[in-house]
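Accompanying notes for the structure given below.
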Amino acid sequence: MNGNIRTLLRLEIKNRFSNYSLTDFKSYLKLLFTIVLLGAVIYAIYWVAGLFFEMFETGGMLYEALVLLVTAIFIFMLFTGISSTIKVLYYKGDNEILMRYPVSGAEVFISKTLFLFLSQFIVTTVVMAPFLVAYASVSGLGVAFYVKIPVPILLMVFINFFLSNILAIPIMHLTNRIRNKFILIIIGLAILVTAGFALYMLLFNSMVTYMNDTAFSVFSDEMVAVIETVAKWLIPAKYFADVMVGKELYIAYPALIGMLGLTLIGMIFIIYFLYAKTLLNNVEVEGSAFKHVTKNRRRPIFVTLLRKEFLQVFRSVNYSFQYFVLACAMPVMIYFCNEITGRLGENQIGEQIALGMTMLVMLIFATVITSFAATSTSREGDNFYHTKVAPVSIQKQLFAKFTMFFLVSVAANAVCAVVLYFTKQVNLTDAIWLFVMVELVAIAETLIAMRMDIAHPYFNLSGEGEVVNNNASTTLAVAMGFAVAVVIGIICMFLGYLGNTGFSIEIPYAIMDQPIGKIEFTTAYMYYAVTALVCVFFVAAVLRYSIGLKKAYNKIAK
């Protein structure tokens with residue numbers, strides 16, 4: 001590796017991990033937290049995979065389960081590989097700068113390619129290894145299986161990597177053609193996310209059913225026959241599975257090696273003839289303005305600001321996916337999650353906690369939606385100073401941002417409440433109460449997230465200026481939202497359980513010589529306590545946002 005490639009590779013790594021410093025104690029704490037979190041994720045994958053394989057083993061389809069799982073991993077890694085390749089090789093803001101440096105295009109490509117390969121190798125290993133270890137544990141395979149684990153991982157990394165480079169350019173050209181078809185993109189992404197989540201929850205539902213009775217197979221005879229037939233045609237996943245279990249190796253190895261060679265040749269051909277041309281063309285496309293001829297209309301100042309906020313999100317695939325797409329998919333997600341978690345909770349404790357489980361699920365998804373407010377100021381990018389010199393007060397500009405978040409959250413939570421009511425998961429009174437409580441929490445979390453971003457904004461001044469990485473404010477907003485959801489959800493479940501089971505407590509003391517006697521818990525205590533807690537949180541958030549707002553905003557300097 002020559003000096004230029006090594007330097008460019010270090011630059012890629014430094015840009016990716018710019019939040020870490022070898023001389024900063026906080027960086028070591030963040031690294032430790034990341035390692036602990038990664039370990040927890042790996043263990044969770046291992047546990048879920050073990051349950052998945054046990055469920056299929058009960059139906060006599062352990063090998064088919066491995067094929068299905070490898071197929072899912074292959075597709076997931078292919079999508080992430082294509083996305084990463086497009087972002088790093090073609091859409092990254094430093095491409096235009098590096099083209100002016102005294103380095104060749106081949107050196108830039110090799111450095112970025114090495115970075116992509118290392119990233120894909122780490123992600124594939126972290127995702128795939130726990131599944132394979134879980135398979136070995138369930139199937140009772142010995143040391144020979146563990147020794148062979150690196151082989152399918154390496155083959156999958158190389159094949160996916162080569163295939164990602166082949167498909168990246170055609171997909172990027174397609175993306176450039178439809179990049180301004182915003183409504184089409186949002187609808188398409190919403191359908192994909194909703195369908196994917198529904199499929200995932202159906203699988204999770206089967207796993208919950210299996211957990212309740214591990215001796216019972218959740219698969220009918222007809223379903224077993226279909227799965228066995230489909231597994232035979234899931235290529236190349238079938239060959240990866242064959243390598244792992246030592247089945248038909250005389251077919252699996254030649255097929256995978258042949259696929260490896262073909263994808264390598266295809267990648268070299270595509271890169272040699274199209275990489276430089278595509279890179280230059282993409283720089284021109286990124287720099288071109290989006291043209292949409294409209295009539296000039298005189299609008300009130302606040303309406304203009306609100307329209308600007310919607311357009312800023314609406315005309316970015318990245319922002320649209322983070323906010324509008326998830327908001328559109330939220331009702332379906334909550335329906336499936338609430339149905340499964342409610343049934344799981346009822347089986348373990350009782351139907352008394354059903355309302356609390358619904359509250360918990362709605363608050364968690366509300367947190368995911370409102371966390372987008374943690375980049376409300378950062379998204380201004382190069383336009384930030386315009387907000388200071390514009391003849392509009394800072395408070396009015398920020399209120400326009402808040403209004404957009406408020407309108408979207410009201411619509412999403414209202415649809416969720418309607419879905420829960422018409423699917424008979426809650427009654428009308430509880431649906432209205434849930435909507436009000438969740439919306440108050442959503443407003444509070446939105447205000448806190450906006451104030452966090454004002455205190456510690458992150459402006460991306462390269463490329464198109466989009467905030468593509470989560471800043472510290474987003475992480476804190478999500479952590480705070482999850483903590484609030486857990487606290488309120490547990491209180492709601494606990495008090496609901498006490499109220500529905502007729503729990504009572506005897507008070508032996510007296511007030512003004514009058515004995516207190518026995519206090520019986522009813523569900524009214526749950527409504528009063530949760531409402532009071534939510535109102536306190538709401539008022540605290542409003543005060544936290546309002547006090548010193550203008551002073552804090554004027555302190556911001558890029």
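Ordering of the structure tokens sets the chain letters (A, B, ...); residue numbers start at 1 within each chain; ligands are numbered from 1 in the order shown.
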
Enumerate, in order of chain and increasing residue number, the residues of segment 352-442 of chain A with an atom no farther than 10 Å from segment 481-493 of chain A, each with its shortest atom pair and distance in Å to one decimal, counting only C-alpha atoms, as a Markdown table.
```
| residue | atom | partner | partner_atom | distance |
| --- | --- | --- | --- | --- |
| A:Gln352 | CA | A:Met493 | CA | 7.5 |
| A:Ile353 | CA | A:Met493 | CA | 4.6 |
| A:Ala354 | CA | A:Met493 | CA | 7.4 |
| A:Leu355 | CA | A:Met493 | CA | 7.0 |
| A:Gly356 | CA | A:Met493 | CA | 4.2 |
| A:Met357 | CA | A:Gly489 | CA | 6.5 |
| A:Thr358 | CA | A:Gly489 | CA | 8.2 |
| A:Met359 | CA | A:Gly489 | CA | 5.7 |
| A:Leu360 | CA | A:Gly489 | CA | 4.5 |
| A:Val361 | CA | A:Ala485 | CA | 8.1 |
| A:Met362 | CA | A:Ala485 | CA | 8.4 |
| A:Leu363 | CA | A:Ala485 | CA | 5.2 |
| A:Ile364 | CA | A:Ala485 | CA | 5.9 |
| A:Phe365 | CA | A:Phe482 | CA | 9.2 |
| A:Ala366 | CA | A:Gly481 | CA | 8.4 |
| A:Thr367 | CA | A:Gly481 | CA | 5.2 |
| A:Val368 | CA | A:Gly481 | CA | 8.2 |
| A:Thr370 | CA | A:Gly481 | CA | 8.8 |
| A:Ser371 | CA | A:Gly481 | CA | 8.2 |
| A:Val438 | CA | A:Ala485 | CA | 9.4 |
| A:Val441 | CA | A:Val484 | CA | 8.6 |
| A:Ala442 | CA | A:Gly481 | CA | 8.9 |
```

Please produce a file of those selected residues containing N, CA and C atoms, as an mmCIF file, in the first residue's frame.
```
data_model
loop_
_atom_site.group_PDB
_atom_site.id
_atom_site.type_symbol
_atom_site.label_atom_id
_atom_site.label_comp_id
_atom_site.auth_asym_id
_atom_site.auth_seq_id
_atom_site.Cartn_x
_atom_site.Cartn_y
_atom_site.Cartn_z
ATOM 1 N N GLN A 352 -54.781 -7.065 33.136
ATOM 2 C CA GLN A 352 -54.822 -5.817 33.884
ATOM 3 C C GLN A 352 -53.767 -4.816 33.419
ATOM 4 N N ILE A 353 -52.684 -5.303 32.806
ATOM 5 C CA ILE A 353 -51.611 -4.396 32.399
ATOM 6 C C ILE A 353 -51.715 -4.015 30.925
ATOM 7 N N ALA A 354 -52.785 -4.401 30.242
ATOM 8 C CA ALA A 354 -52.890 -4.186 28.791
ATOM 9 C C ALA A 354 -52.800 -2.708 28.435
ATOM 10 N N LEU A 355 -53.505 -1.844 29.185
ATOM 11 C CA LEU A 355 -53.483 -0.416 28.879
ATOM 12 C C LEU A 355 -52.090 0.168 29.091
ATOM 13 N N GLY A 356 -51.412 -0.282 30.134
ATOM 14 C CA GLY A 356 -50.052 0.187 30.379
ATOM 15 C C GLY A 356 -49.094 -0.235 29.279
ATOM 16 N N MET A 357 -49.270 -1.457 28.761
ATOM 17 C CA MET A 357 -48.435 -1.914 27.654
ATOM 18 C C MET A 357 -48.681 -1.063 26.408
ATOM 19 N N THR A 358 -49.950 -0.714 26.165
ATOM 20 C CA THR A 358 -50.273 0.142 25.026
ATOM 21 C C THR A 358 -49.633 1.512 25.176
ATOM 22 N N MET A 359 -49.706 2.068 26.381
ATOM 23 C CA MET A 359 -49.069 3.356 26.654
ATOM 24 C C MET A 359 -47.566 3.286 26.389
ATOM 25 N N LEU A 360 -46.921 2.226 26.855
ATOM 26 C CA LEU A 360 -45.477 2.062 26.670
ATOM 27 C C LEU A 360 -45.119 2.004 25.188
ATOM 28 N N VAL A 361 -45.861 1.215 24.421
ATOM 29 C CA VAL A 361 -45.571 1.062 22.990
ATOM 30 C C VAL A 361 -45.747 2.391 22.258
ATOM 31 N N MET A 362 -46.829 3.109 22.529
ATOM 32 C CA MET A 362 -47.072 4.385 21.859
ATOM 33 C C MET A 362 -46.002 5.411 22.209
ATOM 34 N N LEU A 363 -45.578 5.446 23.465
ATOM 35 C CA LEU A 363 -44.555 6.412 23.876
ATOM 36 C C LEU A 363 -43.209 6.108 23.227
ATOM 37 N N ILE A 364 -42.886 4.831 23.083
ATOM 38 C CA ILE A 364 -41.614 4.467 22.448
ATOM 39 C C ILE A 364 -41.590 4.934 20.993
ATOM 40 N N PHE A 365 -42.675 4.693 20.260
ATOM 41 C CA PHE A 365 -42.703 5.118 18.862
ATOM 42 C C PHE A 365 -42.802 6.634 18.748
ATOM 43 N N ALA A 366 -43.478 7.274 19.687
ATOM 44 C CA ALA A 366 -43.521 8.740 19.686
ATOM 45 C C ALA A 366 -42.124 9.314 19.887
ATOM 46 N N THR A 367 -41.315 8.646 20.704
ATOM 47 C CA THR A 367 -39.936 9.088 20.927
ATOM 48 C C THR A 367 -39.124 9.025 19.643
ATOM 49 N N VAL A 368 -39.295 7.944 18.900
ATOM 50 C CA VAL A 368 -38.556 7.794 17.636
ATOM 51 C C VAL A 368 -38.912 8.928 16.675
ATOM 52 N N THR A 370 -40.284 12.021 17.470
ATOM 53 C CA THR A 370 -39.934 13.354 17.971
ATOM 54 C C THR A 370 -38.433 13.577 18.060
ATOM 55 N N SER A 371 -37.628 12.510 18.042
ATOM 56 C CA SER A 371 -36.175 12.693 18.113
ATOM 57 C C SER A 371 -35.644 13.466 16.912
ATOM 58 N N VAL A 438 -50.070 10.799 25.300
ATOM 59 C CA VAL A 438 -48.921 10.601 24.407
ATOM 60 C C VAL A 438 -48.587 11.891 23.671
ATOM 61 N N VAL A 441 -46.714 14.239 26.023
ATOM 62 C CA VAL A 441 -45.323 13.781 26.150
ATOM 63 C C VAL A 441 -44.548 14.087 24.872
ATOM 64 N N ALA A 442 -45.176 13.892 23.712
ATOM 65 C CA ALA A 442 -44.508 14.179 22.434
ATOM 66 C C ALA A 442 -44.153 15.658 22.323
#
```

Residue list (helix (DSSP H, G or I), DSSP) for segment 226-469 of chain A, as a ChimeraX atom specification: /A:226-232,237-245,249-287,301-314,317-348,351-375,378-389,394-422,428-455

Nearest candidate to Met267 of chain A (options A:Leu434, A:Ala168, A:Leu29, A:Val230; using only C-alpha atoms):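 Smallest separation from Met267 of chain A among the options: A:Ala168.
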
Spatial neighbours of segment 531-540 of chain A, max dist 7 Å, only C-alpha atoms, sep filter under 4 positions, as a list in words: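 Neighbouring residues, sequence-local ones excluded: Met437, Leu440, Val441, Ala444, Tyr527 and Arg544 of chain A.
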
Test item: residues at most 12 Å from Gln120 of chain A, only C-alpha atoms, excluding those fewer than 4 positions along its chain, as a VMD selection string: chain A and resid 74 76 to 85 113 to 116 124 to 128 153 to 154 156 to 162 164

Point-to-point distance from atom CA of Ile169 of chain A to atom CA of Ala106 of chain A, Å rounded to tenths: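 Atom CA of Ile169 of chain A sits 16.8 Å away from atom CA of Ala106 of chain A.
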
Pick from A:Ala400, A:Ile369, A:Cys328, A:Ile13 nearest to Val193 of chain A, counting only C-alpha atoms: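 Under the stated criterion, the closest residue is A:Cys328.
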
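Nearest-residue note for Thr278 of chain A: choosing from A:Gly3, A:Pro391, A:Pro170, A:Gly496, the minimum distance belongs to A:Pro170, counting only C-alpha atoms.
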
Selected residue of minimal separation from Phe197 of chain A among A:Val224, A:Met330, A:Glu309, A:Pro236, counting only C-alpha atoms: A:Met330

Long-range neighbours of Ser409 of chain A as a PyMOL selection string, 10 Å cut-off, only C-alpha atoms, 3 positions minimum in chain: chain A and resi 327+366+369-370+403-406+412-415+438-439+442-443+446

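The smallest atom-to-atom distance between Leu264 of chain A and any of A:Leu132, A:Leu495, A:Ile166, A:Ala373, using only C-alpha atoms, is found for A:Ile166.
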
Atom CA of Phe269 of chain A to atom CA of Ala255 of chain A, distance in Å rounded to a single decimal: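 Atom-to-atom, atom CA of Phe269 of chain A and atom CA of Ala255 of chain A are spaced 21.1 Å apart.
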
Residues within 8 Å of Phe321 of chain A, only C-alpha atoms, excluding chain neighbours under 4 positions, as a list in words: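 My reading of the contact set: Ile186, Leu189, Val317, Val325 and Leu326 of chain A.
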
Residues from the last selection, C-alpha atoms, saved as a CSV table (one decimal), in the first residue's frame:
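Ended up saving to again.csv:
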```csv
chain,number,residue,atom,x,y,z
A,186,ILE,CA,-42.2,8.9,0.4
A,189,LEU,CA,-40.5,4.0,1.3
A,317,VAL,CA,-34.9,11.6,0.9
A,325,VAL,CA,-41.9,7.8,6.4
A,326,LEU,CA,-41.7,6.6,10.0
```

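Using only C-alpha atoms for every distance, the candidate list A:Leu8, A:Val123, A:Leu234, A:Leu98 yields A:Leu234 as the residue closest to Ala65 of chain A.
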
Segment 136-144 of chain A surroundings by only C-alpha atoms, 8 Å radius, close-in-sequence under 5 positions cut, as a PDB file with C-alpha atoms, in the first residue's frame:
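Wrote selection-v4.pdb, looks like this:
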```
ATOM      1  CA  GLY A  50     -31.497 -19.572  19.286  1.00  0.00           C
ATOM      2  CA  PHE A  53     -33.813 -22.157  15.338  1.00  0.00           C
ATOM      3  CA  GLU A  54     -35.551 -24.002  18.194  1.00  0.00           C
ATOM      4  CA  LEU A  62     -33.576 -26.722  11.127  1.00  0.00           C
TER       5      LEU A  62
END
```

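The space separating atom CA of Tyr135 of chain A from atom CA of Pro254 of chain A comes to 24.3 Å.
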